[in-house]
Amino acid sequence: MVLTRRRQIGENIRAARRRAHLTQEEVARRAGIERHTLNRIEGGHAAARLDTLILTADAIGLPLAQLVRE
C-alpha cells in the first residue's frame, strides 16, 4: 500500500514537471536537491521527506496537495 502510494506521488511529480516543460535538472536546482534524488523519487524508488516534497512543489509552481493526490 505505501509503495503504491509512493509510486503514484512520483508519477504525479513527473507528470507535473513535464507539463511545466521542466527538466529534472531544473527542478532539482530550484528545489536545492540532487537530480539523482529527484529521479529516484519520480521512479518510486525513494521516499521523499515532506520538506523535499514542499520544495519540489514550489520548484514546479504547484500546490503540494496536487503532487500528493491519489
# chains A, B, ... in the order shown; residues from 1 in each chain; ligands from 1
call {"tool": "residues_around", "arguments": {"residues": "region 49-55 of chain A", "least_positions_apart": "4", "cutoff": "9 Å", "atoms": "only C-alpha atoms", "output": "NGL selection string"}}
result
:A and (30-33 or 59-60 or 63-64 or 67-68)
call {"tool": "closest_residue", "arguments": {"among": "A:Asn12, A:Val2, A:Leu22, A:Ile41", "to": "Ala65 (chain A)", "atoms": "only C-alpha atoms"}}
result
A:Asn12
call {"tool": "select_by_dssp", "arguments": {"residues": "chain A", "states": "alpha helix (DSSP H)", "output": "PyMOL selection string"}}
result
chain A and resi 2-19+24-31+35-42+50-60+64-68
call {"tool": "write_last_selection", "arguments": {"atoms": "C-alpha atoms", "output": "PDB file, in the first residue's frame"}}
result
ATOM      1  CA  VAL A   2       2.719   2.514   0.936  1.00  0.00           C
ATOM      2  CA  LEU A   3       4.858   1.530  -2.056  1.00  0.00           C
ATOM      3  CA  THR A   4       1.902   2.003  -4.401  1.00  0.00           C
ATOM      4  CA  ARG A   5       1.200   5.450  -2.994  1.00  0.00           C
ATOM      5  CA  ARG A   6       4.892   6.398  -3.170  1.00  0.00           C
ATOM      6  CA  ARG A   7       4.953   5.395  -6.847  1.00  0.00           C
ATOM      7  CA  GLN A   8       1.808   7.447  -7.503  1.00  0.00           C
ATOM      8  CA  ILE A   9       3.375  10.521  -5.937  1.00  0.00           C
ATOM      9  CA  GLY A  10       6.460  10.013  -8.096  1.00  0.00           C
ATOM     10  CA  GLU A  11       4.291   9.738 -11.197  1.00  0.00           C
ATOM     11  CA  ASN A  12       2.412  12.899 -10.177  1.00  0.00           C
ATOM     12  CA  ILE A  13       5.692  14.788  -9.795  1.00  0.00           C
ATOM     13  CA  ARG A  14       6.993  13.578 -13.160  1.00  0.00           C
ATOM     14  CA  ALA A  15       3.747  14.465 -14.952  1.00  0.00           C
ATOM     15  CA  ALA A  16       3.589  17.924 -13.341  1.00  0.00           C
ATOM     16  CA  ARG A  17       7.231  18.591 -14.175  1.00  0.00           C
ATOM     17  CA  ARG A  18       6.698  17.621 -17.798  1.00  0.00           C
ATOM     18  CA  ARG A  19       3.520  19.715 -18.066  1.00  0.00           C
ATOM     19  CA  GLN A  24      14.814  17.104 -13.717  1.00  0.00           C
ATOM     20  CA  GLU A  25      17.947  19.257 -13.605  1.00  0.00           C
ATOM     21  CA  GLU A  26      15.904  22.469 -13.493  1.00  0.00           C
ATOM     22  CA  VAL A  27      13.531  21.253 -10.786  1.00  0.00           C
ATOM     23  CA  ALA A  28      16.349  19.809  -8.702  1.00  0.00           C
ATOM     24  CA  ARG A  29      18.323  23.066  -8.930  1.00  0.00           C
ATOM     25  CA  ARG A  30      15.283  25.168  -7.991  1.00  0.00           C
ATOM     26  CA  ALA A  31      14.443  22.835  -5.100  1.00  0.00           C
ATOM     27  CA  ARG A  35      18.939  15.431  -9.671  1.00  0.00           C
ATOM     28  CA  HIS A  36      19.569  11.800  -8.738  1.00  0.00           C
ATOM     29  CA  THR A  37      17.324  12.231  -5.702  1.00  0.00           C
ATOM     30  CA  LEU A  38      14.509  13.652  -7.825  1.00  0.00           C
ATOM     31  CA  ASN A  39      14.962  10.812 -10.304  1.00  0.00           C
ATOM     32  CA  ARG A  40      14.612   8.219  -7.525  1.00  0.00           C
ATOM     33  CA  ILE A  41      11.517   9.951  -6.125  1.00  0.00           C
ATOM     34  CA  GLU A  42       9.867  10.154  -9.541  1.00  0.00           C
ATOM     35  CA  LEU A  50       7.960  16.325   3.489  1.00  0.00           C
ATOM     36  CA  ASP A  51      10.474  19.169   3.149  1.00  0.00           C
ATOM     37  CA  THR A  52      11.623  17.752  -0.199  1.00  0.00           C
ATOM     38  CA  LEU A  53       8.044  17.453  -1.427  1.00  0.00           C
ATOM     39  CA  ILE A  54       7.339  21.062  -0.451  1.00  0.00           C
ATOM     40  CA  LEU A  55      10.498  22.299  -2.187  1.00  0.00           C
ATOM     41  CA  THR A  56       9.685  20.240  -5.291  1.00  0.00           C
ATOM     42  CA  ALA A  57       6.126  21.542  -5.469  1.00  0.00           C
ATOM     43  CA  ASP A  58       7.409  25.111  -5.136  1.00  0.00           C
ATOM     44  CA  ALA A  59      10.042  24.480  -7.822  1.00  0.00           C
ATOM     45  CA  ILE A  60       7.366  23.272 -10.243  1.00  0.00           C
ATOM     46  CA  LEU A  64       1.779  20.453  -2.571  1.00  0.00           C
ATOM     47  CA  ALA A  65      -1.657  18.810  -2.482  1.00  0.00           C
ATOM     48  CA  GLN A  66      -1.610  18.456  -6.250  1.00  0.00           C
ATOM     49  CA  LEU A  67       1.574  16.379  -6.132  1.00  0.00           C
ATOM     50  CA  VAL A  68       0.409  14.015  -3.410  1.00  0.00           C
TER      51      VAL A  68
END
